[in-house]
Structure formats: C-alpha cells, structure tokens
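Engineer: Got a structure for you, model-v3.cif, holding mmCIF, C-alpha atoms, pLDDT in the B column; chains and numbers go by the auth columns.
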```cif
data_input
#
loop_
_atom_site.group_PDB
_atom_site.id
_atom_site.type_symbol
_atom_site.label_atom_id
_atom_site.label_comp_id
_atom_site.label_asym_id
_atom_site.label_seq_id
_atom_site.Cartn_x
_atom_site.Cartn_y
_atom_site.Cartn_z
_atom_site.B_iso_or_equiv
_atom_site.auth_seq_id
_atom_site.auth_asym_id
ATOM 1 C CA MET A 1 0.000 0.000 0.000 58.00 1 A
ATOM 2 C CA SER A 2 1.216 3.519 -0.807 78.00 2 A
ATOM 3 C CA LYS A 3 2.801 5.516 1.991 87.00 3 A
ATOM 4 C CA ASN A 4 0.189 8.197 1.157 96.00 4 A
ATOM 5 C CA ILE A 5 -2.683 5.883 2.148 97.00 5 A
ATOM 6 C CA HIS A 6 -3.364 5.415 5.855 97.00 6 A
ATOM 7 C CA PRO A 7 -3.301 1.717 6.837 97.00 7 A
ATOM 8 C CA THR A 8 -6.850 1.894 8.221 98.00 8 A
ATOM 9 C CA ALA A 9 -8.285 3.115 4.898 98.00 9 A
ATOM 10 C CA ILE A 10 -10.180 0.592 2.760 98.00 10 A
ATOM 11 C CA ILE A 11 -9.462 0.846 -0.966 98.00 11 A
ATOM 12 C CA GLU A 12 -11.381 -1.686 -3.047 98.00 12 A
ATOM 13 C CA ASN A 13 -9.645 -3.498 -5.871 97.00 13 A
ATOM 14 C CA GLY A 14 -10.271 -1.628 -9.102 97.00 14 A
ATOM 15 C CA ALA A 15 -10.106 1.882 -7.664 98.00 15 A
ATOM 16 C CA ASP A 16 -7.835 4.036 -9.811 98.00 16 A
ATOM 17 C CA LEU A 17 -5.768 6.361 -7.619 98.00 17 A
ATOM 18 C CA HIS A 18 -2.824 8.418 -8.807 97.00 18 A
ATOM 19 C CA PRO A 19 0.245 7.569 -6.690 97.00 19 A
ATOM 20 C CA SER A 20 0.331 11.135 -5.316 97.00 20 A
ATOM 21 C CA VAL A 21 -3.208 10.923 -3.860 98.00 21 A
ATOM 22 C CA LYS A 22 -3.334 11.062 -0.050 98.00 22 A
ATOM 23 C CA ILE A 23 -6.011 9.102 1.824 98.00 23 A
ATOM 24 C CA GLY A 24 -6.715 9.629 5.548 98.00 24 A
ATOM 25 C CA PRO A 25 -7.686 7.179 8.295 98.00 25 A
ATOM 26 C CA TYR A 26 -10.862 5.071 8.037 98.00 26 A
ATOM 27 C CA THR A 27 -11.763 6.342 4.586 98.00 27 A
ATOM 28 C CA ILE A 28 -13.498 3.950 2.168 98.00 28 A
ATOM 29 C CA ILE A 29 -12.967 4.140 -1.611 98.00 29 A
ATOM 30 C CA ASN A 30 -15.219 2.097 -3.929 97.00 30 A
ATOM 31 C CA LYS A 31 -13.815 0.021 -6.795 98.00 31 A
ATOM 32 C CA ASN A 32 -15.345 2.311 -9.461 98.00 32 A
ATOM 33 C CA VAL A 33 -13.702 5.502 -8.198 98.00 33 A
ATOM 34 C CA SER A 34 -10.876 7.315 -9.948 98.00 34 A
ATOM 35 C CA ILE A 35 -8.883 10.126 -8.285 98.00 35 A
ATOM 36 C CA ASP A 36 -6.265 12.171 -10.095 98.00 36 A
ATOM 37 C CA GLU A 37 -2.945 13.559 -8.884 98.00 37 A
ATOM 38 C CA ASN A 38 -2.316 15.599 -5.745 98.00 38 A
ATOM 39 C CA THR A 39 -5.852 15.254 -4.418 98.00 39 A
ATOM 40 C CA ILE A 40 -6.123 14.915 -0.642 98.00 40 A
ATOM 41 C CA ILE A 41 -8.914 12.886 0.974 98.00 41 A
ATOM 42 C CA GLY A 42 -9.348 13.313 4.726 98.00 42 A
ATOM 43 C CA SER A 43 -10.401 10.815 7.355 98.00 43 A
ATOM 44 C CA HIS A 44 -13.759 9.005 7.545 98.00 44 A
ATOM 45 C CA VAL A 45 -14.721 9.861 3.959 98.00 45 A
ATOM 46 C CA VAL A 46 -16.848 7.494 1.860 98.00 46 A
ATOM 47 C CA ILE A 47 -16.413 7.764 -1.913 98.00 47 A
ATOM 48 C CA ASP A 48 -18.791 5.428 -3.708 98.00 48 A
ATOM 49 C CA GLY A 49 -20.435 4.878 -7.079 97.00 49 A
ATOM 50 C CA VAL A 50 -18.940 5.590 -10.482 98.00 50 A
ATOM 51 C CA THR A 51 -17.110 8.691 -9.346 98.00 51 A
ATOM 52 C CA SER A 52 -14.220 10.547 -10.933 98.00 52 A
ATOM 53 C CA ILE A 53 -12.323 13.255 -9.045 98.00 53 A
ATOM 54 C CA GLY A 54 -9.738 15.453 -10.733 98.00 54 A
ATOM 55 C CA LYS A 55 -6.457 17.013 -9.656 98.00 55 A
ATOM 56 C CA ASN A 56 -5.511 19.094 -6.617 98.00 56 A
ATOM 57 C CA ASN A 57 -8.772 18.694 -4.711 99.00 57 A
ATOM 58 C CA ASN A 58 -8.885 18.905 -0.933 98.00 58 A
ATOM 59 C CA ILE A 59 -11.752 16.850 0.491 98.00 59 A
ATOM 60 C CA PHE A 60 -11.932 17.139 4.257 98.00 60 A
ATOM 61 C CA SER A 61 -13.161 14.539 6.749 98.00 61 A
ATOM 62 C CA HIS A 62 -16.612 12.956 7.062 98.00 62 A
ATOM 63 C CA ASN A 63 -17.859 13.536 3.526 98.00 63 A
ATOM 64 C CA SER A 64 -20.195 11.260 1.563 98.00 64 A
ATOM 65 C CA ILE A 65 -19.265 11.474 -2.115 98.00 65 A
ATOM 66 C CA GLY A 66 -20.894 9.516 -4.953 98.00 66 A
ATOM 67 C CA GLN A 67 -23.555 7.710 -2.967 98.00 67 A
ATOM 68 C CA ALA A 68 -26.855 6.756 -4.630 98.00 68 A
ATOM 69 C CA PRO A 69 -29.278 9.611 -5.382 98.00 69 A
ATOM 70 C CA GLN A 70 -32.019 10.393 -2.886 97.00 70 A
ATOM 71 C CA ASP A 71 -34.702 9.710 -5.483 96.00 71 A
ATOM 72 C CA LYS A 72 -37.381 7.019 -5.044 95.00 72 A
ATOM 73 C CA LYS A 73 -37.280 6.316 -8.782 95.00 73 A
ATOM 74 C CA TYR A 74 -33.645 5.241 -8.560 96.00 74 A
ATOM 75 C CA ASN A 75 -33.358 1.510 -9.220 97.00 75 A
ATOM 76 C CA ASN A 76 -29.634 0.847 -8.892 95.00 76 A
ATOM 77 C CA GLU A 77 -28.810 2.057 -12.408 97.00 77 A
ATOM 78 C CA GLU A 78 -25.150 2.872 -13.031 95.00 78 A
ATOM 79 C CA THR A 79 -25.040 6.647 -12.812 98.00 79 A
ATOM 80 C CA LYS A 80 -22.064 8.916 -12.260 98.00 80 A
ATOM 81 C CA LEU A 81 -20.490 11.803 -10.397 98.00 81 A
ATOM 82 C CA LYS A 82 -17.749 13.911 -11.960 98.00 82 A
ATOM 83 C CA ILE A 83 -15.727 16.417 -9.916 99.00 83 A
ATOM 84 C CA GLY A 84 -13.139 18.661 -11.564 98.00 84 A
ATOM 85 C CA ASP A 85 -9.891 20.151 -10.267 99.00 85 A
ATOM 86 C CA SER A 86 -8.788 22.323 -7.342 98.00 86 A
ATOM 87 C CA ASN A 87 -12.003 22.152 -5.332 99.00 87 A
ATOM 88 C CA THR A 88 -12.158 22.493 -1.568 98.00 88 A
ATOM 89 C CA ILE A 89 -14.916 20.414 0.015 99.00 89 A
ATOM 90 C CA ARG A 90 -15.229 20.884 3.756 98.00 90 A
ATOM 91 C CA GLU A 91 -16.690 18.545 6.373 98.00 91 A
ATOM 92 C CA PHE A 92 -20.007 16.629 6.266 98.00 92 A
ATOM 93 C CA CYS A 93 -20.971 17.357 2.664 98.00 93 A
ATOM 94 C CA THR A 94 -23.101 14.990 0.565 98.00 94 A
ATOM 95 C CA ILE A 95 -22.769 14.854 -3.217 98.00 95 A
ATOM 96 C CA ASN A 96 -24.847 12.206 -5.028 98.00 96 A
ATOM 97 C CA THR A 97 -24.625 10.559 -8.432 98.00 97 A
ATOM 98 C CA GLY A 98 -27.164 11.286 -11.207 98.00 98 A
ATOM 99 C CA THR A 99 -30.307 9.517 -12.351 98.00 99 A
ATOM 100 C CA VAL A 100 -31.305 7.980 -15.676 97.00 100 A
ATOM 101 C CA GLN A 101 -34.295 10.336 -15.780 96.00 101 A
ATOM 102 C CA ASP A 102 -31.781 13.124 -16.537 97.00 102 A
ATOM 103 C CA THR A 103 -28.252 12.934 -17.973 95.00 103 A
ATOM 104 C CA GLY A 104 -27.211 10.312 -15.423 97.00 104 A
ATOM 105 C CA ILE A 105 -24.336 12.502 -14.245 98.00 105 A
ATOM 106 C CA THR A 106 -23.941 14.974 -11.400 98.00 106 A
ATOM 107 C CA ARG A 107 -21.191 17.457 -12.258 98.00 107 A
ATOM 108 C CA VAL A 108 -19.062 19.684 -10.046 98.00 108 A
ATOM 109 C CA GLY A 109 -16.584 21.849 -11.951 98.00 109 A
ATOM 110 C CA SER A 110 -13.280 23.319 -10.783 99.00 110 A
ATOM 111 C CA ASN A 111 -12.018 25.882 -8.265 98.00 111 A
ATOM 112 C CA ASN A 112 -15.155 25.664 -6.137 99.00 112 A
ATOM 113 C CA TRP A 113 -15.258 26.383 -2.414 98.00 113 A
ATOM 114 C CA ILE A 114 -17.846 24.103 -0.807 98.00 114 A
ATOM 115 C CA MET A 115 -18.272 24.639 2.918 98.00 115 A
ATOM 116 C CA ALA A 116 -19.477 22.274 5.634 98.00 116 A
ATOM 117 C CA TYR A 117 -22.849 20.487 5.498 98.00 117 A
ATOM 118 C CA VAL A 118 -23.529 21.370 1.854 98.00 118 A
ATOM 119 C CA HIS A 119 -25.802 19.014 -0.124 98.00 119 A
ATOM 120 C CA ILE A 120 -25.541 18.659 -3.921 99.00 120 A
ATOM 121 C CA ALA A 121 -28.283 16.330 -5.137 98.00 121 A
ATOM 122 C CA HIS A 122 -28.564 14.099 -8.187 98.00 122 A
ATOM 123 C CA ASP A 123 -28.122 15.554 -11.675 98.00 123 A
ATOM 124 C CA CYS A 124 -26.967 18.958 -10.442 98.00 124 A
ATOM 125 C CA VAL A 125 -24.441 20.968 -12.416 98.00 125 A
ATOM 126 C CA VAL A 126 -22.177 23.227 -10.354 98.00 126 A
ATOM 127 C CA SER A 127 -19.915 25.225 -12.662 98.00 127 A
ATOM 128 C CA ASP A 128 -16.543 26.805 -11.787 98.00 128 A
ATOM 129 C CA ASN A 129 -15.440 29.253 -9.084 98.00 129 A
ATOM 130 C CA VAL A 130 -18.649 28.776 -7.097 98.00 130 A
ATOM 131 C CA ILE A 131 -18.861 29.358 -3.344 98.00 131 A
ATOM 132 C CA MET A 132 -21.476 27.388 -1.412 98.00 132 A
ATOM 133 C CA ALA A 133 -21.533 28.498 2.218 98.00 133 A
ATOM 134 C CA ASN A 134 -22.408 26.260 5.157 98.00 134 A
ATOM 135 C CA ASN A 135 -25.665 24.298 4.948 98.00 135 A
ATOM 136 C CA SER A 136 -26.614 25.515 1.488 98.00 136 A
ATOM 137 C CA SER A 137 -28.437 22.776 -0.415 98.00 137 A
ATOM 138 C CA LEU A 138 -29.310 22.017 -4.023 98.00 138 A
ATOM 139 C CA ALA A 139 -32.257 19.745 -4.799 98.00 139 A
ATOM 140 C CA GLY A 140 -32.115 17.566 -7.898 98.00 140 A
ATOM 141 C CA HIS A 141 -31.462 18.881 -11.409 98.00 141 A
ATOM 142 C CA VAL A 142 -30.275 22.340 -10.266 98.00 142 A
ATOM 143 C CA GLU A 143 -27.722 24.266 -12.337 98.00 143 A
ATOM 144 C CA VAL A 144 -25.398 26.876 -10.807 98.00 144 A
ATOM 145 C CA GLY A 145 -23.389 29.256 -12.988 98.00 145 A
ATOM 146 C CA ASP A 146 -19.775 30.363 -12.704 98.00 146 A
ATOM 147 C CA PHE A 147 -18.702 32.662 -9.840 98.00 147 A
ATOM 148 C CA SER A 148 -22.009 32.325 -7.995 98.00 148 A
ATOM 149 C CA ILE A 149 -22.072 32.681 -4.226 98.00 149 A
ATOM 150 C CA LEU A 150 -24.786 30.914 -2.230 98.00 150 A
ATOM 151 C CA GLY A 151 -25.025 32.263 1.300 98.00 151 A
ATOM 152 C CA GLY A 152 -25.358 29.975 4.290 98.00 152 A
ATOM 153 C CA PHE A 153 -28.615 27.987 4.511 98.00 153 A
ATOM 154 C CA THR A 154 -29.620 28.897 0.943 98.00 154 A
ATOM 155 C CA LEU A 155 -32.082 26.245 -0.273 98.00 155 A
ATOM 156 C CA VAL A 156 -32.690 25.733 -3.985 98.00 156 A
ATOM 157 C CA HIS A 157 -35.775 23.924 -5.306 98.00 157 A
ATOM 158 C CA GLN A 158 -35.373 21.165 -7.891 98.00 158 A
ATOM 159 C CA PHE A 159 -34.936 22.150 -11.554 98.00 159 A
ATOM 160 C CA CYS A 160 -34.030 25.755 -10.729 98.00 160 A
ATOM 161 C CA LYS A 161 -31.285 27.411 -12.739 98.00 161 A
ATOM 162 C CA ILE A 162 -28.948 29.948 -11.183 98.00 162 A
ATOM 163 C CA GLY A 163 -27.030 32.299 -13.438 98.00 163 A
ATOM 164 C CA SER A 164 -23.401 33.326 -13.144 98.00 164 A
ATOM 165 C CA HIS A 165 -22.038 36.002 -10.773 98.00 165 A
ATOM 166 C CA ILE A 166 -25.090 35.941 -8.482 98.00 166 A
ATOM 167 C CA MET A 167 -25.108 36.190 -4.707 98.00 167 A
ATOM 168 C CA SER A 168 -27.799 34.972 -2.319 98.00 168 A
ATOM 169 C CA ALA A 169 -28.264 36.193 1.230 98.00 169 A
ATOM 170 C CA VAL A 170 -28.239 33.927 4.266 98.00 170 A
ATOM 171 C CA GLY A 171 -31.361 31.779 4.480 98.00 171 A
ATOM 172 C CA THR A 172 -32.611 32.477 0.956 98.00 172 A
ATOM 173 C CA LYS A 173 -35.162 30.024 -0.445 98.00 173 A
ATOM 174 C CA VAL A 174 -35.072 29.740 -4.218 98.00 174 A
ATOM 175 C CA PHE A 175 -38.148 28.537 -6.119 98.00 175 A
ATOM 176 C CA LYS A 176 -37.542 30.236 -9.490 98.00 176 A
ATOM 177 C CA ASP A 177 -34.551 30.866 -11.734 98.00 177 A
ATOM 178 C CA ILE A 178 -32.064 33.588 -10.774 98.00 178 A
ATOM 179 C CA PRO A 179 -30.746 35.554 -13.775 98.00 179 A
ATOM 180 C CA ASP A 180 -27.038 36.325 -14.057 98.00 180 A
ATOM 181 C CA PHE A 181 -25.477 39.144 -12.023 98.00 181 A
ATOM 182 C CA LEU A 182 -28.244 39.499 -9.382 98.00 182 A
ATOM 183 C CA MET A 183 -28.330 39.570 -5.615 98.00 183 A
ATOM 184 C CA VAL A 184 -31.332 37.839 -4.051 98.00 184 A
ATOM 185 C CA HIS A 185 -32.740 37.385 -0.560 98.00 185 A
ATOM 186 C CA GLY A 186 -35.755 36.204 1.365 98.00 186 A
ATOM 187 C CA GLU A 187 -38.087 33.331 2.240 96.00 187 A
ATOM 188 C CA LYS A 188 -39.216 33.505 -1.367 96.00 188 A
ATOM 189 C CA ALA A 189 -36.132 34.719 -3.191 97.00 189 A
ATOM 190 C CA SER A 190 -36.568 38.205 -4.601 97.00 190 A
ATOM 191 C CA PRO A 191 -34.044 40.512 -6.300 98.00 191 A
ATOM 192 C CA SER A 192 -32.177 43.080 -4.232 97.00 192 A
ATOM 193 C CA GLY A 193 -30.058 44.689 -6.937 97.00 193 A
ATOM 194 C CA LEU A 194 -27.015 43.759 -8.956 98.00 194 A
ATOM 195 C CA ASN A 195 -24.006 42.024 -7.437 98.00 195 A
ATOM 196 C CA ILE A 196 -21.968 45.171 -8.121 97.00 196 A
ATOM 197 C CA GLU A 197 -19.112 44.499 -5.704 96.00 197 A
ATOM 198 C CA GLY A 198 -18.663 40.987 -7.021 97.00 198 A
ATOM 199 C CA LEU A 199 -18.611 42.229 -10.608 98.00 199 A
ATOM 200 C CA LYS A 200 -16.062 44.922 -9.758 97.00 200 A
ATOM 201 C CA ARG A 201 -13.807 42.308 -8.176 96.00 201 A
ATOM 202 C CA ARG A 202 -13.971 40.363 -11.425 96.00 202 A
ATOM 203 C CA ASP A 203 -12.901 43.422 -13.420 97.00 203 A
ATOM 204 C CA PHE A 204 -16.155 44.250 -15.151 98.00 204 A
ATOM 205 C CA SER A 205 -15.679 47.600 -16.876 98.00 205 A
ATOM 206 C CA LEU A 206 -17.552 50.730 -15.835 97.00 206 A
ATOM 207 C CA ASP A 207 -19.356 50.714 -19.198 98.00 207 A
ATOM 208 C CA ASP A 208 -20.492 47.129 -18.682 98.00 208 A
ATOM 209 C CA LEU A 209 -21.668 47.879 -15.152 98.00 209 A
ATOM 210 C CA ASN A 210 -23.660 50.853 -16.390 98.00 210 A
ATOM 211 C CA GLU A 211 -25.262 48.722 -19.099 98.00 211 A
ATOM 212 C CA LEU A 212 -26.214 46.082 -16.528 98.00 212 A
ATOM 213 C CA LYS A 213 -27.684 48.753 -14.242 98.00 213 A
ATOM 214 C CA LYS A 214 -29.874 49.948 -17.106 98.00 214 A
ATOM 215 C CA ALA A 215 -30.941 46.373 -17.823 98.00 215 A
ATOM 216 C CA TYR A 216 -31.822 45.799 -14.173 98.00 216 A
ATOM 217 C CA LYS A 217 -34.067 48.871 -14.192 98.00 217 A
ATOM 218 C CA ILE A 218 -35.773 47.667 -17.372 98.00 218 A
ATOM 219 C CA ILE A 219 -36.479 44.239 -15.887 98.00 219 A
ATOM 220 C CA TYR A 220 -37.289 45.166 -12.304 97.00 220 A
ATOM 221 C CA ARG A 221 -38.007 48.882 -11.905 96.00 221 A
ATOM 222 C CA GLU A 222 -40.094 50.019 -14.870 96.00 222 A
ATOM 223 C CA ASN A 223 -43.154 47.805 -14.450 95.00 223 A
ATOM 224 C CA ASN A 224 -42.392 45.908 -17.647 97.00 224 A
ATOM 225 C CA THR A 225 -43.525 42.353 -18.178 97.00 225 A
ATOM 226 C CA VAL A 226 -40.715 39.918 -18.875 97.00 226 A
ATOM 227 C CA ASP A 227 -41.567 39.917 -22.577 97.00 227 A
ATOM 228 C CA GLU A 228 -41.612 43.722 -22.687 98.00 228 A
ATOM 229 C CA ALA A 229 -38.254 43.885 -20.929 98.00 229 A
ATOM 230 C CA LEU A 230 -36.743 41.383 -23.353 98.00 230 A
ATOM 231 C CA LYS A 231 -37.854 43.467 -26.325 97.00 231 A
ATOM 232 C CA VAL A 232 -36.005 46.487 -24.918 97.00 232 A
ATOM 233 C CA LEU A 233 -32.915 44.463 -24.025 98.00 233 A
ATOM 234 C CA ALA A 234 -32.806 43.065 -27.573 97.00 234 A
ATOM 235 C CA ARG A 235 -31.615 46.491 -28.773 97.00 235 A
ATOM 236 C CA SER A 236 -28.322 46.103 -26.895 97.00 236 A
ATOM 237 C CA ASN A 237 -25.140 44.651 -28.391 97.00 237 A
ATOM 238 C CA ASN A 238 -23.426 44.352 -25.008 98.00 238 A
ATOM 239 C CA LYS A 239 -22.255 40.758 -24.466 98.00 239 A
ATOM 240 C CA TYR A 240 -23.462 40.674 -20.862 98.00 240 A
ATOM 241 C CA ILE A 241 -26.913 41.969 -21.780 98.00 241 A
ATOM 242 C CA ILE A 242 -27.086 39.324 -24.506 98.00 242 A
ATOM 243 C CA LYS A 243 -26.097 36.669 -21.938 98.00 243 A
ATOM 244 C CA LEU A 244 -28.701 37.951 -19.471 98.00 244 A
ATOM 245 C CA SER A 245 -31.423 38.003 -22.135 98.00 245 A
ATOM 246 C CA LYS A 246 -30.569 34.479 -23.263 98.00 246 A
ATOM 247 C CA PHE A 247 -30.859 33.214 -19.687 98.00 247 A
ATOM 248 C CA ILE A 248 -34.257 34.837 -19.188 98.00 248 A
ATOM 249 C CA LYS A 249 -35.590 33.525 -22.512 97.00 249 A
ATOM 250 C CA SER A 250 -34.520 29.980 -21.652 97.00 250 A
ATOM 251 C CA SER A 251 -36.108 29.950 -18.197 98.00 251 A
ATOM 252 C CA GLN A 252 -38.658 27.185 -17.728 95.00 252 A
ATOM 253 C CA ARG A 253 -39.659 28.003 -14.153 96.00 253 A
ATOM 254 C CA GLY A 254 -39.778 31.778 -14.570 97.00 254 A
ATOM 255 C CA ILE A 255 -37.337 34.219 -13.015 98.00 255 A
ATOM 256 C CA VAL A 256 -37.326 35.732 -9.530 98.00 256 A
ATOM 257 C CA ARG A 257 -39.337 38.964 -9.449 94.00 257 A
#
```
Kindly transcribe the structure held in the file into structure tokens.

Structural biologist:
Amino acid sequence: MSKNIHPTAIIENGADLHPSVKIGPYTIINKNVSIDENTIIGSHVVIDGVTSIGKNNNIFSHNSIGQAPQDKKYNNEETKLKIGDSNTIREFCTINTGTVQDTGITRVGSNNWIMAYVHIAHDCVVSDNVIMANNSSLAGHVEVGDFSILGGFTLVHQFCKIGSHIMSAVGTKVFKDIPDFLMVHGEKASPSGLNIEGLKRRDFSLDDLNELKKAYKIIYRENNTVDEALKVLARSNNKYIIKLSKFIKSSQRGIVR
C-alpha cells in the first residue's frame, strides 16, 4: 500500500488512484472511483459509485461522495459523479450521483469552495469558481453558474437554474430561476439589486456595469412584463446583456421577481 494511504483506509480493488493521492484514516474508496494527482482525501470519507475526481482537490473529513441519489425512482442504475480540479470540500458534505431520468451525471466543476454540510443532489451541475456556504443545499437537477455565491442555509428547489455572478443572502429560499449578475434574498427569493461588488472584483468595466444597471431597471423597476423587458434588451449589443437576455428567454420556471 502507498505511503500516502493510511493503513486503516479501505481501498477496493479496481479503484484508480494516482500515486500522489493522499487518503486519511478510516476512509473507504469504492472500486469504481478514480482520483487524479495531488488530491487529498481526509479521514472518515466514503467515496462510492462511479465517481471521478480530478487534480488538486482537498476533500476534508466525514464527507459522503458519490452515494446513490435520494430519489425514489432510482433503481440501482449505473449513474455517475464527476468532480473537476482544485475544489475544496469541507466537512459533512453529501454529493450524489445522477439519475437515468436526466443525464445520469452529477457534475461539479473546478475551483469551487464548498463549505461544511452542503448538499448537492442528483443531476446537479455546479460550474466553476462557485462558493457554497455552510448548509446551502441544491435539490435535484439544479444548475449553478460560474462565480455564484450561495449564502449559508440557501435552499434551492429542484430544476431551478442559477445564473453566473449571483449572490444569495443567508437563508434564501429559491423557487424560481435567478438571472445572471443578481443579488437575491428572502423566504421567497426576490431581487435586491445587482451584485456590483462581485462584478467589480472580477474586473467588469464601468461601461459594462452601467449597461447592466440599465438592464436591471428595465427588468425590475419600470413595471415591464418579462416579454416587454426582453424586447427592450434586444436592442443592446453588449455581451453581458445578450447573456442575461438568453438566460431569461430559456427559463422554464420563470425568473425571480
């Protein structure tokens, strides 16, 4: 056994671990798991299912990764979990595999910061550079865009889509889609402006910020219907307004209002 694997860990035959992977005490790795170089797995972690984990991840103790989805329709089909590179996953998180009713794959991208007690359910897609604060939870089939920040105890209903660069307040409950660039809050998530500070930190230009401010007013401050707002936004050639409009047009659940 590798010097990087604690002698109390259980690694099933067939598991594909890069020699540089470090495994802590009492951790269990299923035979269908692959883990790429320089990833660190803490103590008392269970990694199950058909799960692939990329490079340079740091998965702390007492996590449940790749277990069967919490879906009564699941009938032991072979579904998957894919986790990218350079993620930090803190203690007591649960990330499940997908279901055949969707793509069959739950996906977590790269450079994400996932704090303690987070739940990522079956068939979710978490993009890159996402922060999920303590006890935030995604029900099944949720999509989260790049650079989103979910405040502690944020709860997201199944099939919701969350755009990029958004921020939710502590205790937000999300039942509809959140367009890109917004801040939201409340028992029934409602918009509370643009995520201006976040956008500034990501080097959005002053011109782009001004265009997004105008778009926000059109959508949320001028008593337009969604269709009316989209007609006005269609006049803009700004790439972020085009992205925002595309998100709103594609929404199946409707957007937060």

Engineer: Nearest residue to Asp177 in chain A out of A:Ser250, A:Asn129, A:Asn87, A:Thr51, using all atoms listed in the file?

Structural biologist: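 Answer, going by the shortest atom-to-atom distance: A:Ser250.
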
Engineer: Considering only C-alpha atoms, return as number ranges by chain whatever protein or nucleic-acid residues lie within 10 Å of Asn13 in chain A, sequence-local ones (same chain, fewer than 2 positions apart) excluded.

Structural biologist: A: 10-11, 15-16, 29-32

Engineer: Can you translate the PyMOL selection byres ((chain A and resi 255) around 7) into the concrete residues it hits in this file, as a list in words?

Structural biologist: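 Checked against the file, the PyMOL selection byres ((chain A and resi 255) around 7) matches Lys176, Asp177, Ile178, Pro179, Ile248, Ser251, Arg253, Gly254, Val256 and Arg257 of chain A.
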
Engineer: Under the rule that all atoms listed in the file are counted, which of A:Gly152, A:Val144, A:Ser64, A:Ile95 is the nearest residue to Met115 in chain A?

Structural biologist: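 Smallest distance to Met115 in chain A is found for A:Gly152.
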
Engineer: As an exercise, work out the distance from CA of Ser137 in chain A to CA of Ala169 in chain A in Å and give it to one decimal place.

Structural biologist: 13.5 Å

Engineer: Got a sec: who's within 8 Å of range 187-199 of chain A, counting only C-alpha atoms, leaving out chain neighbours fewer than 4 positions off, as a list in words?

Structural biologist: His165, Ile166, Met167, Gly171, Thr172, Lys173, Val174, Phe175, Lys176, Phe181, Leu182, Met183, Asp203, Phe204, Leu209, Leu212, Lys213, Tyr216, Val256 and Arg257 of chain A

Engineer: Considering only C-alpha atoms, can you say which of A:Ser148, A:Gln252, A:Asn96, A:Asn210 comes closest to Asn111 in chain A?

Structural biologist: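 Between A:Ser148, A:Gln252, A:Asn96, A:Asn210, the residue approaching Asn111 in chain A most closely is A:Ser148.
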
Engineer: Evaluated on this file, the PyMOL selection byres ((chain A and resi 3) around 10) picks out some residues - which ones are they, written as a PDB file with C-alpha atoms, in the frame of the given file?

Structural biologist:
```
ATOM      1  CA  MET A   1       0.000   0.000   0.000  1.00 58.00           C
ATOM      2  CA  SER A   2       1.216   3.519  -0.807  1.00 78.00           C
ATOM      3  CA  ASN A   4       0.189   8.197   1.157  1.00 96.00           C
ATOM      4  CA  ILE A   5      -2.683   5.883   2.148  1.00 97.00           C
ATOM      5  CA  HIS A   6      -3.364   5.415   5.855  1.00 97.00           C
ATOM      6  CA  PRO A   7      -3.301   1.717   6.837  1.00 97.00           C
ATOM      7  CA  PRO A  19       0.245   7.569  -6.690  1.00 97.00           C
ATOM      8  CA  SER A  20       0.331  11.135  -5.316  1.00 97.00           C
ATOM      9  CA  VAL A  21      -3.208  10.923  -3.860  1.00 98.00           C
ATOM     10  CA  LYS A  22      -3.334  11.062  -0.050  1.00 98.00           C
ATOM     11  CA  ILE A  23      -6.011   9.102   1.824  1.00 98.00           C
TER      12      ILE A  23
END
```

Engineer: Given the PyMOL selection byres ((chain A and resi 102) around 10) and the file above, list the residues it selects as a list of chain:residue names.

Structural biologist: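 Against this file, the PyMOL selection byres ((chain A and resi 102) around 10) returns the residues A:Gly98, A:Thr99, A:Val100, A:Gln101, A:Thr103, A:Gly104, A:Ile105, A:Thr106, A:His122, A:Asp123, A:Cys124, A:Gly140, A:His141.
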
Engineer: Enter the distance from CA of Arg107 in chain A to CA of Lys249 in chain A, in Å, rounded to one decimal.

Structural biologist: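 Between these atoms lies a distance of 23.9 Å.
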
Engineer: Need the neighbours of (-37.0, 42.1, -25.6): which residues are at most 12 Å away, counting all atoms listed in the file, as a PyMOL selection string?

Structural biologist: chain A and resi 215+218-219+224-236+241-242+244-246+248-249

Engineer: Okay, now the selection with C-alpha atoms, as a compact mmCIF listing (two decimals), keeping the file's coordinate frame?

Structural biologist:
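Final output, saved to part-v5.txt:
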```
# COMPACT_ATOMS: atom_id res chain seq x y z
CA ALA A 215 -30.94 46.37 -17.82
CA ILE A 218 -35.77 47.67 -17.37
CA ILE A 219 -36.48 44.24 -15.89
CA ASN A 224 -42.39 45.91 -17.65
CA THR A 225 -43.52 42.35 -18.18
CA VAL A 226 -40.72 39.92 -18.88
CA ASP A 227 -41.57 39.92 -22.58
CA GLU A 228 -41.61 43.72 -22.69
CA ALA A 229 -38.25 43.88 -20.93
CA LEU A 230 -36.74 41.38 -23.35
CA LYS A 231 -37.85 43.47 -26.32
CA VAL A 232 -36.01 46.49 -24.92
CA LEU A 233 -32.92 44.46 -24.02
CA ALA A 234 -32.81 43.06 -27.57
CA ARG A 235 -31.62 46.49 -28.77
CA SER A 236 -28.32 46.10 -26.90
CA ILE A 241 -26.91 41.97 -21.78
CA ILE A 242 -27.09 39.32 -24.51
CA LEU A 244 -28.70 37.95 -19.47
CA SER A 245 -31.42 38.00 -22.14
CA LYS A 246 -30.57 34.48 -23.26
CA ILE A 248 -34.26 34.84 -19.19
CA LYS A 249 -35.59 33.52 -22.51
```

Engineer: One number please: CA of Asp146 in chain A to CA of Ser168 in chain A, in Å, one decimal.

Structural biologist: 13.9 Å

Engineer: Please work out which residues fall within 7 Å of (-28.5, 26.2, -1.7), coordinates as given in the file, with only C-alpha atoms counting, and return them as a ChimeraX atom specification.

Structural biologist: /A:136-138,150,153-156

Engineer: Near Gln67 in chain A, counting only C-alpha atoms, which residues have an atom at most 7 Å away, once you skip same-chain residues fewer than 5 positions from it, shown as a PyMOL selection string?

Structural biologist: chain A and resi 48-49+96-97
